[in-house]
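model.cif follows (mmCIF, C-alpha atoms and all ligand atoms):
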data_data
loop_
_atom_site.group_PDB
_atom_site.id
_atom_site.type_symbol
_atom_site.label_atom_id
_atom_site.label_comp_id
_atom_site.auth_asym_id
_atom_site.auth_seq_id
_atom_site.Cartn_x
_atom_site.Cartn_y
_atom_site.Cartn_z
ATOM 1 C CA MET A 3 113.132 -35.524 -139.040
ATOM 2 C CA THR A 4 112.216 -38.855 -137.511
ATOM 3 C CA ASP A 5 114.506 -41.232 -135.691
ATOM 4 C CA PRO A 6 114.493 -44.525 -137.642
ATOM 5 C CA SER A 7 115.839 -46.552 -134.701
ATOM 6 C CA ILE A 8 112.618 -46.261 -132.664
ATOM 7 C CA PRO A 9 109.059 -47.081 -133.766
ATOM 8 C CA LEU A 10 107.710 -44.550 -136.274
ATOM 9 C CA ALA A 11 104.633 -43.949 -134.111
ATOM 10 C CA ALA A 12 106.936 -42.813 -131.283
ATOM 11 C CA ALA A 13 109.349 -40.809 -133.434
ATOM 12 C CA ASP A 14 106.551 -38.923 -135.222
ATOM 13 C CA GLY A 15 104.185 -38.564 -132.305
ATOM 14 C CA PHE A 16 106.697 -37.413 -129.716
ATOM 15 C CA GLY A 17 108.609 -35.341 -132.283
ATOM 16 C CA GLN A 18 105.541 -33.329 -133.268
ATOM 17 C CA GLY A 19 103.888 -33.300 -129.864
ATOM 18 C CA ALA A 20 106.823 -32.376 -127.608
ATOM 19 C CA ALA A 21 105.471 -28.987 -126.494
ATOM 20 C CA ALA A 22 101.983 -30.394 -125.857
ATOM 21 C CA TYR A 23 103.633 -33.245 -123.988
ATOM 22 C CA GLU A 24 105.421 -30.928 -121.597
ATOM 23 C CA ALA A 25 102.282 -28.804 -121.140
ATOM 24 C CA GLY A 26 99.772 -31.577 -120.747
ATOM 25 C CA ARG A 27 101.262 -34.764 -119.338
ATOM 26 C CA PRO A 28 101.060 -35.579 -115.631
ATOM 27 C CA SER A 29 103.848 -35.784 -113.121
ATOM 28 C CA TYR A 30 104.215 -38.913 -110.938
ATOM 29 C CA PRO A 31 102.919 -39.594 -107.412
ATOM 30 C CA ALA A 32 105.326 -38.846 -104.571
ATOM 31 C CA ASP A 33 104.774 -42.194 -102.823
ATOM 32 C CA ALA A 34 105.636 -44.247 -105.923
ATOM 33 C CA VAL A 35 108.668 -42.083 -106.723
ATOM 34 C CA GLY A 36 109.755 -42.325 -103.084
ATOM 35 C CA TRP A 37 109.465 -46.106 -103.275
ATOM 36 C CA LEU A 38 111.679 -46.230 -106.376
ATOM 37 C CA VAL A 39 114.208 -43.824 -104.815
ATOM 38 C CA GLU A 40 114.397 -45.957 -101.686
ATOM 39 C CA GLU A 41 114.516 -49.362 -103.373
ATOM 40 C CA ILE A 42 116.966 -48.396 -106.132
ATOM 41 C CA GLY A 43 119.067 -46.356 -103.728
ATOM 42 C CA ILE A 44 118.942 -43.059 -105.620
ATOM 43 C CA THR A 45 121.269 -41.176 -103.295
ATOM 44 C CA PRO A 46 124.054 -38.586 -103.628
ATOM 45 C CA GLY A 47 126.910 -39.748 -105.816
ATOM 46 C CA ARG A 48 125.077 -42.716 -107.334
ATOM 47 C CA ARG A 49 124.860 -42.665 -111.122
ATOM 48 C CA ILE A 50 121.243 -42.995 -112.216
ATOM 49 C CA VAL A 51 119.946 -42.971 -115.791
ATOM 50 C CA ASP A 52 116.443 -41.795 -116.671
ATOM 51 C CA LEU A 53 115.909 -43.721 -119.899
ATOM 52 C CA ALA A 54 113.392 -42.427 -122.482
ATOM 53 C CA ALA A 55 113.302 -39.310 -120.343
ATOM 54 C CA GLY A 56 111.083 -37.327 -122.703
ATOM 55 C CA THR A 57 110.779 -33.775 -121.393
ATOM 56 C CA GLY A 58 112.056 -34.846 -117.970
ATOM 57 C CA LYS A 59 108.777 -35.330 -116.093
ATOM 58 C CA LEU A 60 110.340 -37.974 -113.833
ATOM 59 C CA THR A 61 113.916 -36.635 -113.948
ATOM 60 C CA ARG A 62 112.981 -33.348 -112.288
ATOM 61 C CA LEU A 63 111.478 -35.243 -109.332
ATOM 62 C CA LEU A 64 114.813 -37.041 -108.806
ATOM 63 C CA VAL A 65 116.967 -33.883 -108.754
ATOM 64 C CA PRO A 66 116.446 -33.306 -104.990
ATOM 65 C CA THR A 67 117.971 -36.726 -104.238
ATOM 66 C CA GLY A 68 121.429 -35.367 -105.112
ATOM 67 C CA ALA A 69 122.132 -38.415 -107.300
ATOM 68 C CA ASP A 70 124.350 -38.099 -110.364
ATOM 69 C CA LEU A 71 121.525 -38.047 -112.934
ATOM 70 C CA LEU A 72 121.836 -38.553 -116.659
ATOM 71 C CA ALA A 73 118.961 -38.674 -119.135
ATOM 72 C CA VAL A 74 118.662 -40.565 -122.435
ATOM 73 C CA GLU A 75 116.075 -39.624 -125.050
ATOM 74 C CA PRO A 76 116.042 -40.502 -128.783
ATOM 75 C CA VAL A 77 113.723 -37.725 -130.045
ATOM 76 C CA ALA A 78 115.431 -34.356 -130.582
ATOM 77 C CA ALA A 79 112.289 -32.265 -129.967
ATOM 78 C CA MET A 80 111.791 -33.971 -126.600
ATOM 79 C CA ARG A 81 115.457 -33.341 -125.693
ATOM 80 C CA ASP A 82 114.960 -29.639 -126.525
ATOM 81 C CA GLN A 83 111.985 -29.452 -124.128
ATOM 82 C CA PHE A 84 113.981 -31.396 -121.529
ATOM 83 C CA ARG A 85 116.869 -28.884 -121.588
ATOM 84 C CA VAL A 86 114.463 -26.039 -120.814
ATOM 85 C CA ALA A 87 112.560 -27.930 -118.092
ATOM 86 C CA VAL A 88 115.524 -29.621 -116.379
ATOM 87 C CA PRO A 89 118.564 -27.472 -117.225
ATOM 88 C CA ASP A 90 120.819 -28.984 -114.560
ATOM 89 C CA VAL A 91 120.690 -32.558 -115.888
ATOM 90 C CA GLU A 92 122.475 -33.619 -119.074
ATOM 91 C CA VAL A 93 120.326 -35.354 -121.690
ATOM 92 C CA VAL A 94 121.967 -37.422 -124.417
ATOM 93 C CA GLU A 95 120.697 -39.126 -127.550
ATOM 94 C CA GLY A 96 120.253 -42.888 -127.356
ATOM 95 C CA THR A 97 117.809 -45.743 -127.292
ATOM 96 C CA ALA A 98 117.058 -48.477 -124.799
ATOM 97 C CA GLU A 99 118.467 -51.032 -127.212
ATOM 98 C CA ALA A 100 121.752 -49.110 -127.741
ATOM 99 C CA LEU A 101 122.763 -47.129 -124.662
ATOM 100 C CA PRO A 102 125.720 -44.745 -124.927
ATOM 101 C CA PHE A 103 127.399 -45.993 -121.727
ATOM 102 C CA ASP A 104 130.254 -48.314 -120.792
ATOM 103 C CA ASP A 105 129.647 -51.751 -119.305
ATOM 104 C CA HIS A 106 128.781 -51.730 -115.586
ATOM 105 C CA SER A 107 128.978 -47.936 -115.328
ATOM 106 C CA VAL A 108 125.514 -47.152 -113.913
ATOM 107 C CA ASP A 109 123.947 -47.839 -110.483
ATOM 108 C CA GLY A 110 120.298 -47.687 -111.505
ATOM 109 C CA VAL A 111 117.998 -47.117 -114.486
ATOM 110 C CA VAL A 112 114.500 -45.672 -114.329
ATOM 111 C CA VAL A 113 111.939 -45.668 -117.149
ATOM 112 C CA ALA A 114 108.710 -43.663 -116.866
ATOM 113 C CA GLN A 115 105.766 -44.259 -119.201
ATOM 114 C CA ALA A 116 108.016 -45.658 -121.900
ATOM 115 C CA PHE A 117 109.115 -49.267 -121.453
ATOM 116 C CA HIS A 118 106.211 -50.448 -123.651
ATOM 117 C CA TRP A 119 107.965 -48.831 -126.645
ATOM 118 C CA PHE A 120 111.103 -50.948 -126.178
ATOM 119 C CA ASP A 121 112.114 -54.307 -127.563
ATOM 120 C CA LEU A 122 111.769 -56.121 -124.236
ATOM 121 C CA VAL A 123 114.590 -58.629 -124.499
ATOM 122 C CA ALA A 124 117.074 -56.371 -126.345
ATOM 123 C CA ALA A 125 116.456 -53.483 -123.925
ATOM 124 C CA CYS A 126 116.845 -55.700 -120.859
ATOM 125 C CA ARG A 127 120.092 -57.103 -122.214
ATOM 126 C CA GLU A 128 121.407 -53.598 -122.859
ATOM 127 C CA ILE A 129 120.269 -52.231 -119.490
ATOM 128 C CA ARG A 130 121.938 -55.181 -117.741
ATOM 129 C CA ARG A 131 125.122 -54.488 -119.703
ATOM 130 C CA VAL A 132 125.395 -50.921 -118.372
ATOM 131 C CA LEU A 133 124.252 -51.682 -114.806
ATOM 132 C CA ARG A 134 126.783 -52.472 -112.121
ATOM 133 C CA PRO A 135 126.273 -55.939 -110.546
ATOM 134 C CA GLY A 136 123.187 -55.827 -108.356
ATOM 135 C CA GLY A 137 121.951 -52.634 -110.048
ATOM 136 C CA SER A 138 118.227 -51.987 -110.270
ATOM 137 C CA LEU A 139 115.692 -51.124 -112.926
ATOM 138 C CA GLY A 140 112.621 -49.090 -111.937
ATOM 139 C CA LEU A 141 109.546 -48.704 -114.141
ATOM 140 C CA ILE A 142 106.491 -46.522 -113.654
ATOM 141 C CA TRP A 143 103.256 -45.872 -115.548
ATOM 142 C CA ASN A 144 100.272 -43.612 -114.936
ATOM 143 C CA SER A 145 97.048 -44.653 -116.634
ATOM 144 C CA ARG A 146 93.777 -42.753 -116.681
ATOM 145 C CA ASP A 147 91.322 -44.110 -114.127
ATOM 146 C CA VAL A 148 88.537 -45.258 -116.429
ATOM 147 C CA SER A 149 86.397 -46.381 -113.486
ATOM 148 C CA VAL A 150 85.409 -42.681 -113.369
ATOM 149 C CA PRO A 151 82.669 -42.221 -116.017
ATOM 150 C CA TRP A 152 83.890 -38.941 -117.585
ATOM 151 C CA VAL A 153 87.411 -40.384 -117.838
ATOM 152 C CA ALA A 154 86.005 -43.465 -119.585
ATOM 153 C CA GLU A 155 84.268 -41.114 -122.038
ATOM 154 C CA LEU A 156 87.543 -39.221 -122.530
ATOM 155 C CA SER A 157 89.230 -42.499 -123.438
ATOM 156 C CA ARG A 158 86.478 -43.178 -125.975
ATOM 157 C CA ILE A 159 87.040 -39.733 -127.541
ATOM 158 C CA ILE A 160 90.753 -40.492 -127.779
ATOM 159 C CA ARG A 161 89.807 -43.883 -129.279
ATOM 160 C CA TRP A 162 92.269 -45.415 -126.805
ATOM 161 C CA ASP A 163 91.012 -48.947 -127.418
ATOM 162 C CA GLU A 164 91.899 -48.599 -131.104
ATOM 163 C CA ARG A 165 95.456 -47.310 -130.658
ATOM 164 C CA GLY A 166 96.874 -50.565 -132.017
ATOM 165 C CA ARG A 167 95.768 -49.280 -135.458
ATOM 166 C CA TRP A 168 98.489 -46.646 -135.180
ATOM 167 C CA GLN A 169 101.064 -49.197 -134.018
ATOM 168 C CA VAL A 170 100.986 -47.875 -130.475
ATOM 169 C CA PRO A 171 101.958 -50.689 -128.110
ATOM 170 C CA TYR A 172 99.769 -51.574 -125.153
ATOM 171 C CA THR A 173 100.992 -50.546 -121.719
ATOM 172 C CA VAL A 174 99.122 -50.800 -118.481
ATOM 173 C CA GLU A 175 96.976 -53.725 -119.598
ATOM 174 C CA VAL A 176 100.255 -55.611 -119.497
ATOM 175 C CA ASP A 177 101.378 -57.114 -116.221
ATOM 176 C CA TRP A 178 105.044 -56.287 -116.547
ATOM 177 C CA ALA A 179 105.983 -58.547 -113.648
ATOM 178 C CA GLU A 180 104.548 -61.432 -115.672
ATOM 179 C CA ARG A 181 106.230 -60.324 -118.913
ATOM 180 C CA PHE A 182 109.597 -60.048 -117.230
ATOM 181 C CA ALA A 183 109.161 -63.481 -115.704
ATOM 182 C CA SER A 184 108.219 -65.118 -118.994
ATOM 183 C CA ASP A 185 110.967 -63.672 -121.162
ATOM 184 C CA GLU A 186 114.743 -63.802 -121.168
ATOM 185 C CA THR A 187 115.056 -60.516 -119.310
ATOM 186 C CA GLY A 188 117.586 -61.443 -116.633
ATOM 187 C CA PHE A 189 115.886 -59.303 -114.011
ATOM 188 C CA GLY A 190 114.342 -61.938 -111.793
ATOM 189 C CA PRO A 191 110.898 -61.354 -110.261
ATOM 190 C CA LEU A 192 109.707 -57.755 -110.359
ATOM 191 C CA ARG A 193 108.179 -56.180 -107.243
ATOM 192 C CA THR A 194 105.245 -53.806 -107.661
ATOM 193 C CA PHE A 195 103.853 -50.701 -105.982
ATOM 194 C CA HIS A 196 100.302 -49.522 -106.692
ATOM 195 C CA THR A 197 98.958 -46.080 -105.980
ATOM 196 C CA THR A 198 96.860 -43.284 -107.484
ATOM 197 C CA TYR A 199 97.525 -39.786 -108.776
ATOM 198 C CA ARG A 200 95.451 -36.707 -109.536
ATOM 199 C CA GLN A 201 96.535 -34.228 -112.185
ATOM 200 C CA ARG A 202 95.105 -30.757 -111.591
ATOM 201 C CA LEU A 203 94.387 -29.109 -114.903
ATOM 202 C CA ASP A 204 92.159 -26.742 -116.810
ATOM 203 C CA GLU A 205 90.409 -27.269 -120.134
ATOM 204 C CA ASP A 206 93.370 -26.066 -122.255
ATOM 205 C CA THR A 207 95.805 -28.309 -120.404
ATOM 206 C CA LEU A 208 93.476 -31.280 -120.861
ATOM 207 C CA VAL A 209 93.367 -30.593 -124.596
ATOM 208 C CA ALA A 210 97.195 -30.402 -124.656
ATOM 209 C CA ARG A 211 97.347 -33.648 -122.691
ATOM 210 C CA VAL A 212 95.037 -35.379 -125.169
ATOM 211 C CA LEU A 213 96.850 -34.027 -128.240
ATOM 212 C CA SER A 214 100.201 -35.163 -126.817
ATOM 213 C CA THR A 215 99.040 -38.778 -127.234
ATOM 214 C CA SER A 216 101.529 -40.086 -129.793
ATOM 215 C CA TYR A 217 99.063 -41.093 -132.536
ATOM 216 C CA LEU A 218 97.025 -37.884 -132.151
ATOM 217 C CA ALA A 219 100.102 -35.637 -132.131
ATOM 218 C CA SER A 220 101.035 -36.887 -135.597
ATOM 219 C CA GLN A 221 97.547 -36.375 -137.119
ATOM 220 C CA ASP A 222 96.699 -33.310 -139.217
ATOM 221 C CA ALA A 223 95.275 -30.112 -137.734
ATOM 222 C CA ASP A 224 91.698 -30.844 -138.848
ATOM 223 C CA ALA A 225 91.627 -34.259 -137.187
ATOM 224 C CA GLN A 226 93.141 -32.781 -134.030
ATOM 225 C CA ALA A 227 90.537 -29.983 -134.002
ATOM 226 C CA VAL A 228 87.695 -32.540 -134.031
ATOM 227 C CA VAL A 229 89.175 -34.335 -131.012
ATOM 228 C CA ALA A 230 89.890 -31.054 -129.197
ATOM 229 C CA ASP A 231 86.302 -29.912 -129.747
ATOM 230 C CA ARG A 232 84.871 -33.148 -128.336
ATOM 231 C CA VAL A 233 87.146 -32.885 -125.286
ATOM 232 C CA ARG A 234 86.069 -29.267 -124.675
ATOM 233 C CA ARG A 235 82.404 -30.288 -124.879
ATOM 234 C CA LEU A 236 83.002 -33.159 -122.445
ATOM 235 C CA VAL A 237 84.302 -30.815 -119.723
ATOM 236 C CA ALA A 238 82.150 -27.780 -120.598
ATOM 237 C CA GLY A 239 80.290 -27.785 -117.268
ATOM 238 C CA PHE A 240 83.393 -28.437 -115.130
ATOM 239 C CA PRO A 241 84.957 -25.848 -112.768
ATOM 240 C CA ASP A 242 87.900 -23.806 -114.130
ATOM 241 C CA THR A 243 90.318 -26.356 -112.707
ATOM 242 C CA PHE A 244 89.584 -29.995 -112.032
ATOM 243 C CA ASP A 245 91.436 -33.269 -111.430
ATOM 244 C CA LEU A 246 92.146 -35.998 -113.955
ATOM 245 C CA PRO A 247 92.507 -39.201 -111.879
ATOM 246 C CA TYR A 248 95.085 -41.867 -112.651
ATOM 247 C CA VAL A 249 96.033 -45.257 -111.311
ATOM 248 C CA THR A 250 99.786 -45.677 -111.086
ATOM 249 C CA VAL A 251 101.943 -48.760 -110.931
ATOM 250 C CA ALA A 252 105.688 -48.915 -110.343
ATOM 251 C CA TYR A 253 107.915 -51.982 -110.730
ATOM 252 C CA LEU A 254 111.366 -52.793 -109.451
ATOM 253 C CA GLY A 255 113.773 -55.413 -110.766
ATOM 254 C CA VAL A 256 117.323 -56.282 -109.781
ATOM 255 C CA ALA A 257 119.751 -57.430 -112.479
ATOM 256 C CA GLU A 258 120.643 -61.075 -112.011
ATOM 257 C CA ASP A 259 124.310 -61.976 -111.950
ATOM 258 C CA ARG A 260 124.389 -64.412 -114.869
ATOM 259 C CA SER A 261 128.080 -65.180 -114.276
ATOM 260 C CA MET A 262 126.947 -67.110 -111.145
ATOM 261 C CA ARG A 263 124.997 -69.641 -113.221
HETATM 262 C C1 LIG A 301 105.307 -41.346 -123.159
HETATM 263 S S1 LIG A 301 106.948 -40.706 -123.352
HETATM 264 C C2 LIG A 301 107.596 -40.747 -121.685
HETATM 265 C C3 LIG A 301 108.597 -39.643 -121.427
HETATM 266 C C4 LIG A 301 109.042 -39.455 -119.989
HETATM 267 N N1 LIG A 301 109.744 -40.614 -119.488
HETATM 268 C C5 LIG A 301 107.889 -39.121 -119.064
HETATM 269 O O1 LIG A 301 107.766 -39.742 -118.021
HETATM 270 O O2 LIG A 301 107.127 -38.209 -119.382
HETATM 271 C C6 LIG A 301 107.774 -42.070 -124.128
HETATM 272 C C7 LIG A 301 109.203 -41.746 -124.515
HETATM 273 O O3 LIG A 301 109.860 -42.941 -124.944
HETATM 274 C C8 LIG A 301 110.780 -42.591 -125.959
HETATM 275 N N2 LIG A 301 111.126 -43.828 -126.681
HETATM 276 C C9 LIG A 301 110.383 -44.538 -127.543
HETATM 277 N N3 LIG A 301 111.049 -45.621 -127.973
HETATM 278 C C10 LIG A 301 112.252 -45.609 -127.345
HETATM 279 C C11 LIG A 301 113.392 -46.481 -127.350
HETATM 280 N N4 LIG A 301 113.411 -47.591 -128.088
HETATM 281 N N5 LIG A 301 114.449 -46.153 -126.571
HETATM 282 C C12 LIG A 301 114.435 -45.044 -125.810
HETATM 283 N N6 LIG A 301 113.375 -44.181 -125.773
HETATM 284 C C13 LIG A 301 112.305 -44.469 -126.518
HETATM 285 C C14 LIG A 301 110.016 -41.553 -126.761
HETATM 286 O O4 LIG A 301 110.878 -40.786 -127.561
HETATM 287 C C15 LIG A 301 109.316 -40.751 -125.663
HETATM 288 O O5 LIG A 301 110.071 -39.654 -125.248
#

Please lay out the structure from this file as structure tokens.
Amino acid sequence: MTDPSIPLAAADGFGQGAAAYEAGRPSYPADAVGWLVEEIGITPGRRIVDLAAGTGKLTRLLVPTGADLLAVEPVAAMRDQFRVAVPDVEVVEGTAEALPFDDHSVDGVVVAQAFHWFDLVAACREIRRVLRPGGSLGLIWNSRDVSVPWVAELSRIIRWDERGRWQVPYTVEVDWAERFASDETGFGPLRTFHTTYRQRLDEDTLVARVLSTSYLASQDADAQAVVADRVRRLVAGFPDTFDLPYVTVAYLGVAEDRSMR
């Protein structure tokens, strides 16, 4: 069953691809996560929401901080994977545009690889509603490093440049600091942190990673087999394990106090 309150491409893709997502998607670089932890103040006793938590790829990295973590994820199949991967953190149903929390009840919100799916202005308004005054919003995205030739070829196999055809919104091409500045977000200027990441994987994990891409996860088995075969041929001469390189960018915004205006 799909969730009608989020884009169909997300509901279908992440609903059908949840297991491949957990198996194939990368984690996040320690320096960028450390920057968010420091700047947001993710410390023991502080209530932090991982919004659009998916299978908990970012959440699990925050557990050692001792913060009071809570995850929100609209797709049931992703929540099921989350509960197995991160059993000590509660995950609840909800969307960025309708969060199941009281006003000013949260110290910080983090969003990994997902803000591009949200309605920018509605989500910012809702996140500001639940944040305590001065609370922070942290965003992070990994994107494949297409300056490496085989990774550029991988992106061609995935037909990444054509993903708009499947209503998949664009992500890392967007300068989110600029978008936040030009819309009614109420977060003031975003600060950024740039770094890189390497995901160690084998051929099967790479195939899982590719097939977890939302618009591929919802395609039929024959179409997926064609893509999987091309990916396997691309890395046929590679060692048993190899690195998929990413460039990573994190952003930090602090909720403006609009009552001061
Ligand atoms: C690429 S996954 C990222 C998952 C996880 N944060 C991670 O780092 O792996 C994008 C997630 O955004 C969720 N999503 C899409 N639209 C959403 C919305 N409007 N509100 C909340 N979550 C949404 C999807 O269900 C999916 O789990």

Since I can't run it myself right now, could you work out what the PyMOL selection byres (((chain A and resi 141) around 6) and not hetatm) selects here and report it as a ChimeraX atom specification? /A:112-114,140,142,252-253

Compute the set of protein, DNA and RNA residues whose minimum atom distance to ligand LIG 301 (chain A) is at most 7 Å, using all atoms listed in the file, and state it as number ranges by chain. A: 8-9, 12-13, 16, 27, 53-60, 75-77, 80, 96-99, 113-116, 119-121

At a cut-off of 9 Å, using only C-alpha atoms, what residues contact stretch 206-223 of chain A? Leave out same-chain residues fewer than 5 positions from it and give the result as a PyMOL selection string. chain A and resi 11-28+156+160+165+168-170+228-231+233-234+246

Print the selection's residues with C-alpha atoms to a file, as a PDB file, in the coordinates of the input.
ATOM      1  CA  ALA A  11     104.633 -43.949-134.111  1.00  0.00           C
ATOM      2  CA  ALA A  12     106.936 -42.813-131.283  1.00  0.00           C
ATOM      3  CA  ALA A  13     109.349 -40.809-133.434  1.00  0.00           C
ATOM      4  CA  ASP A  14     106.551 -38.923-135.222  1.00  0.00           C
ATOM      5  CA  GLY A  15     104.185 -38.564-132.305  1.00  0.00           C
ATOM      6  CA  PHE A  16     106.697 -37.413-129.716  1.00  0.00           C
ATOM      7  CA  GLY A  17     108.609 -35.341-132.283  1.00  0.00           C
ATOM      8  CA  GLN A  18     105.541 -33.329-133.268  1.00  0.00           C
ATOM      9  CA  GLY A  19     103.888 -33.300-129.864  1.00  0.00           C
ATOM     10  CA  ALA A  20     106.823 -32.376-127.608  1.00  0.00           C
ATOM     11  CA  ALA A  21     105.471 -28.987-126.494  1.00  0.00           C
ATOM     12  CA  ALA A  22     101.983 -30.394-125.857  1.00  0.00           C
ATOM     13  CA  TYR A  23     103.633 -33.245-123.988  1.00  0.00           C
ATOM     14  CA  GLU A  24     105.421 -30.928-121.597  1.00  0.00           C
ATOM     15  CA  ALA A  25     102.282 -28.804-121.140  1.00  0.00           C
ATOM     16  CA  GLY A  26      99.772 -31.577-120.747  1.00  0.00           C
ATOM     17  CA  ARG A  27     101.262 -34.764-119.338  1.00  0.00           C
ATOM     18  CA  PRO A  28     101.060 -35.579-115.631  1.00  0.00           C
ATOM     19  CA  LEU A 156      87.543 -39.221-122.530  1.00  0.00           C
ATOM     20  CA  ILE A 160      90.753 -40.492-127.779  1.00  0.00           C
ATOM     21  CA  ARG A 165      95.456 -47.310-130.658  1.00  0.00           C
ATOM     22  CA  TRP A 168      98.489 -46.646-135.180  1.00  0.00           C
ATOM     23  CA  GLN A 169     101.064 -49.197-134.018  1.00  0.00           C
ATOM     24  CA  VAL A 170     100.986 -47.875-130.475  1.00  0.00           C
ATOM     25  CA  VAL A 228      87.695 -32.540-134.031  1.00  0.00           C
ATOM     26  CA  VAL A 229      89.175 -34.335-131.012  1.00  0.00           C
ATOM     27  CA  ALA A 230      89.890 -31.054-129.197  1.00  0.00           C
ATOM     28  CA  ASP A 231      86.302 -29.912-129.747  1.00  0.00           C
ATOM     29  CA  VAL A 233      87.146 -32.885-125.286  1.00  0.00           C
ATOM     30  CA  ARG A 234      86.069 -29.267-124.675  1.00  0.00           C
ATOM     31  CA  LEU A 246      92.146 -35.998-113.955  1.00  0.00           C
TER      32      LEU A 246
END

Using all atoms listed in the file: which of A:Ser107, A:Gln226, A:Thr194, A:Gln201 has the shortest distance to A:Trp37: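 Of the candidates, the smallest distance to A:Trp37 is held by A:Thr194.
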
Pairwise distance for atom CA of A:Leu139 and atom CA of A:Arg200, rounded to one decimal in Å: 25.1 Å

Got a sec to resolve the PyMOL selection byres (((chain A and resi 128) around 10) and not hetatm) on this structure and send the residues as an MDAnalysis selection string? chainID A and resid 97:101 103 105 123:127 129:133

In Å, with one decimal, what is the gap from atom CA of A:Val153 to atom CA of A:Ala179?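 Those two atoms sit 26.3 Å apart.
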
Can you list, as a list in words, the residues that the PyMOL selection byres (((chain A and resi 259) around 12) and not hetatm) selects here? His106, Arg130, Arg131, Leu133, Arg134, Pro135, Gly136, Gly137, Ser138, Thr187, Gly188, Phe189, Gly190, Val256, Ala257, Glu258, Arg260, Ser261, Met262 and Arg263 of chain A

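Distance annotation: of A:Phe182, A:Trp152, A:Tyr30, A:Phe244, the residue with the minimal separation from A:Thr197 is A:Tyr30; atom set is all atoms listed in the file.
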
Interatomic distance, atom CA of A:Ala73 to atom CA of A:Asp104 (Å, one decimal): 14.9 Å

Check the smallest atom-to-atom distance from each of A:Trp178, A:Arg81, A:Phe195, A:Thr61 to A:Glu95 using only C-alpha atoms, then report the winner. A:Arg81

For A:Val108, the closest of A:Val86, A:Ile44, A:Val176, A:Val249 counting all atoms listed in the file is A:Ile44
